[in-house]
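One file, entry28.csv, is given below (CSV, C-alpha atoms).
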chain,number,residue,atom,x,y,z
I,101,MET,CA,-47.3,-34.7,-38.6
I,102,PRO,CA,-44.6,-37.1,-37.5
I,103,HIS,CA,-42.3,-35.7,-34.9
I,104,ILE,CA,-39.0,-37.6,-34.7
I,105,THR,CA,-36.4,-37.3,-32.0
I,106,VAL,CA,-33.0,-39.0,-32.3
I,107,ASP,CA,-30.8,-39.2,-29.2
I,108,HIS,CA,-27.3,-40.5,-29.7
I,109,SER,CA,-24.0,-40.9,-27.9
I,110,ALA,CA,-21.6,-38.0,-28.6
I,111,SER,CA,-19.1,-40.6,-29.7
I,112,LEU,CA,-21.3,-41.3,-32.8
I,113,THR,CA,-21.4,-37.7,-34.0
I,114,ALA,CA,-18.7,-38.1,-36.6
I,115,SER,CA,-19.9,-41.4,-37.9
I,116,PHE,CA,-23.7,-40.8,-38.0
I,117,ASP,CA,-24.9,-39.4,-41.3
I,118,ARG,CA,-27.7,-37.4,-39.7
I,119,PRO,CA,-28.9,-35.5,-42.9
I,120,GLY,CA,-28.8,-38.7,-44.9
I,121,PHE,CA,-30.8,-40.5,-42.2
I,122,ALA,CA,-33.5,-37.8,-42.1
I,123,ARG,CA,-33.7,-37.6,-45.9
I,124,ALA,CA,-34.3,-41.4,-46.1
I,125,LEU,CA,-36.5,-41.5,-43.0
I,126,HIS,CA,-39.1,-39.1,-44.1
I,127,PRO,CA,-40.1,-40.9,-47.3
I,128,LEU,CA,-39.9,-44.2,-45.4
I,129,LEU,CA,-42.6,-42.9,-43.0
I,130,THR,CA,-44.7,-41.9,-46.0
I,131,GLU,CA,-44.4,-45.4,-47.5
I,132,VAL,CA,-44.9,-47.4,-44.3
I,133,ALA,CA,-47.2,-45.2,-42.1
I,134,GLY,CA,-48.9,-43.0,-44.7
I,135,ALA,CA,-47.3,-39.8,-43.3
I,136,ALA,CA,-46.8,-36.7,-45.5
I,137,VAL,CA,-43.1,-36.1,-46.2
I,138,GLY,CA,-43.6,-32.3,-45.9
I,139,ASP,CA,-45.0,-32.8,-42.4
I,140,CYS,CA,-42.1,-34.8,-41.0
I,141,LYS,CA,-39.9,-33.0,-38.4
I,142,THR,CA,-36.7,-34.6,-37.1
I,143,ARG,CA,-34.4,-33.3,-34.5
I,144,PHE,CA,-31.1,-34.8,-33.3
I,145,ARG,CA,-29.6,-34.5,-29.8
I,146,SER,CA,-26.1,-35.6,-29.0
I,147,VAL,CA,-25.8,-36.9,-25.5
I,148,ASP,CA,-22.4,-36.3,-23.8
I,149,GLU,CA,-22.6,-39.1,-21.3
I,150,THR,CA,-24.1,-42.6,-22.0
I,151,PHE,CA,-23.3,-45.7,-20.0
I,152,VAL,CA,-24.0,-49.3,-21.1
I,153,GLY,CA,-23.4,-52.2,-18.7
I,154,ASP,CA,-20.3,-51.4,-16.7
I,155,GLY,CA,-19.6,-48.2,-18.5
I,156,ASP,CA,-17.1,-49.6,-21.1
I,157,ALA,CA,-16.2,-46.9,-23.6
I,158,GLY,CA,-16.7,-49.3,-26.4
I,159,HIS,CA,-20.4,-48.9,-26.4
I,160,ALA,CA,-22.6,-46.2,-27.9
I,161,VAL,CA,-26.4,-45.6,-27.7
I,162,ILE,CA,-28.9,-44.4,-30.2
I,163,HIS,CA,-32.6,-44.1,-29.6
I,164,VAL,CA,-35.2,-42.9,-32.1
I,165,GLU,CA,-38.7,-41.8,-31.0
I,166,VAL,CA,-41.3,-41.5,-33.8
I,167,ALA,CA,-44.6,-39.9,-32.8
I,168,LEU,CA,-47.4,-40.3,-35.3
I,169,LYS,CA,-51.0,-39.1,-35.4
I,170,ARG,CA,-53.3,-41.6,-33.8
I,171,GLY,CA,-54.9,-44.3,-35.9
I,172,ARG,CA,-51.9,-46.5,-36.9
I,173,THR,CA,-52.3,-50.2,-36.0
I,174,GLU,CA,-49.8,-52.0,-33.8
I,175,GLU,CA,-48.7,-53.9,-36.9
I,176,VAL,CA,-47.9,-50.6,-38.7
I,177,LYS,CA,-46.0,-49.3,-35.7
I,178,ALA,CA,-44.0,-52.5,-35.5
I,179,GLU,CA,-43.2,-52.2,-39.2
I,180,VAL,CA,-42.1,-48.6,-38.7
I,181,ALA,CA,-39.8,-49.6,-35.9
I,182,GLN,CA,-38.2,-52.4,-37.8
I,183,ALA,CA,-37.7,-50.2,-40.9
I,184,VAL,CA,-36.1,-47.4,-38.8
I,185,LEU,CA,-33.7,-49.9,-37.2
I,186,ALA,CA,-32.7,-51.1,-40.7
I,187,LEU,CA,-32.2,-47.5,-41.8
I,188,LEU,CA,-30.0,-46.7,-38.8
I,189,ARG,CA,-27.7,-49.6,-39.8
I,190,LYS,CA,-27.1,-47.8,-43.2
I,191,HIS,CA,-26.4,-44.4,-41.7
I,192,VAL,CA,-24.5,-45.1,-38.4
I,193,GLY,CA,-20.9,-46.2,-38.8
I,194,THR,CA,-19.0,-47.6,-35.9
I,195,GLY,CA,-15.4,-48.7,-35.7
I,196,PRO,CA,-14.3,-52.2,-34.8
I,197,ASP,CA,-14.0,-51.2,-31.1
I,198,VAL,CA,-17.5,-49.7,-30.8
I,199,THR,CA,-20.8,-51.4,-30.4
I,200,ALA,CA,-23.9,-49.3,-31.1
I,201,HIS,CA,-27.0,-50.2,-29.1
I,202,ALA,CA,-30.1,-49.0,-31.1
I,203,SER,CA,-33.7,-48.8,-30.1
I,204,VAL,CA,-36.9,-47.3,-31.7
I,205,GLU,CA,-40.1,-46.2,-30.0
I,206,VAL,CA,-43.2,-45.6,-32.1
I,207,ARG,CA,-46.0,-43.9,-30.3
I,208,ASP,CA,-49.1,-41.9,-30.8
I,209,LEU,CA,-48.7,-38.1,-31.0
I,210,GLU,CA,-51.1,-36.6,-28.5
I,211,ASP,CA,-53.5,-34.0,-29.7
I,212,ALA,CA,-51.8,-30.7,-29.2
I,213,TYR,CA,-53.3,-27.3,-28.7
I,214,ARG,CA,-51.8,-24.8,-31.2
I,215,LYS,CA,-52.0,-21.1,-30.6
I,216,HIS,CA,-51.3,-18.9,-33.5
I,217,VAL,CA,-49.7,-15.6,-32.6
I,218,GLY,CA,-49.9,-12.6,-34.8
I,219,ALA,CA,-52.2,-11.9,-37.8
Do you think you could lay out the structure here as structure tokens?
Amino acid sequence: MPHITVDHSASLTASFDRPGFARALHPLLTEVAGAAVGDCKTRFRSVDETFVGDGDAGHAVIHVEVALKRGRTEEVKAEVAQAVLALLRKHVGTGPDVTAHASVEVRDLEDAYRKHVGA
């Protein structure tokens, strides 16, 4: 039941292959973390304002949060983070005047209460 959230600077919207990233990410999580592809859920959020250092326009930010069910070792989480960073490099294009600052956080997905409404 991985839940993935990707926040990125609006300036990356045109150069970030979001569908391609998600299609590659889900099987990667199956391979590295033992997640079921059909359970992966990814959402993307474009952030209008991001500032790096002194606010130079030549910088963009992308942050991926991967929440996995408990039980993964710290080694597996680190492997997931490194694999996601490598995958970002393949799916985020930047021009010569833009530096993308990427980060990945892998955490445990807290047990959630699910209420089924209806029949």
From the set I:Ser109, I:Gln182, I:Ser115, I:Thr173, which residue has the shortest atom-to-atom contact distance to Glu149 (chain I), counting all atoms listed in the file? I:Ser109
Rank nothing, just name the residue among I:His103, I:His163, I:His201, I:Arg118 nearest to Val137 (chain I), using only C-alpha atoms. I:His103
Near Leu168 (chain I), within 12 Å and counting all atoms listed in the file, which residues show up once chain neighbours fewer than 6 positions away are dropped, as number ranges by chain? I: 101-105, 129-130, 132-136, 139-141, 176-177, 180, 205-211
When you count all atoms listed in the file, which of these residues is closest to Asp107 (chain I): I:Asp148, I:Glu179, I:Glu131, I:Asp156?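 Smallest separation from Asp107 (chain I) among the options: I:Asp148.
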What's around Ala124 (chain I) at 12 Å? Count all atoms listed in the file, leave out sequence neighbours fewer than 2 positions away in its own chain, and write the answer as a ChimeraX atom specification. /I:117-122,126-131,137,140,142,183-184,186-188,190-191
Could you pull out every residue with an atom within 9 Å of (-26.2, -50.0, -32.8), file coordinates, counting only C-alpha atoms, and send them as a list of chain:residue names? I:His159, I:Ala160, I:Val161, I:Ile162, I:Leu185, I:Leu188, I:Arg189, I:Val192, I:Gly193, I:Thr194, I:Val198, I:Thr199, I:Ala200, I:His201, I:Ala202, I:Ser203
Keeping C-alpha atoms for every residue in the selection just given, could you write it to a file as a compact mmCIF listing (two decimals), in the coordinates of the input?
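Final output, selection24.txt:
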# COMPACT_ATOMS: atom_id res chain seq x y z
CA HIS I 159 -20.40 -48.90 -26.40
CA ALA I 160 -22.60 -46.20 -27.90
CA VAL I 161 -26.40 -45.60 -27.70
CA ILE I 162 -28.90 -44.40 -30.20
CA LEU I 185 -33.70 -49.90 -37.20
CA LEU I 188 -30.00 -46.70 -38.80
CA ARG I 189 -27.70 -49.60 -39.80
CA VAL I 192 -24.50 -45.10 -38.40
CA GLY I 193 -20.90 -46.20 -38.80
CA THR I 194 -19.00 -47.60 -35.90
CA VAL I 198 -17.50 -49.70 -30.80
CA THR I 199 -20.80 -51.40 -30.40
CA ALA I 200 -23.90 -49.30 -31.10
CA HIS I 201 -27.00 -50.20 -29.10
CA ALA I 202 -30.10 -49.00 -31.10
CA SER I 203 -33.70 -48.80 -30.10
Which of these, I:Leu125, I:Phe151, I:Gly158, I:Leu112, has the shortest distance to Ala181 (chain I) once you count only C-alpha atoms?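 For Ala181 (chain I), the nearest of the given residues is I:Leu125.
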The distance between CA of Val106 (chain I) and CA of Ser146 (chain I) is 8.4 Å
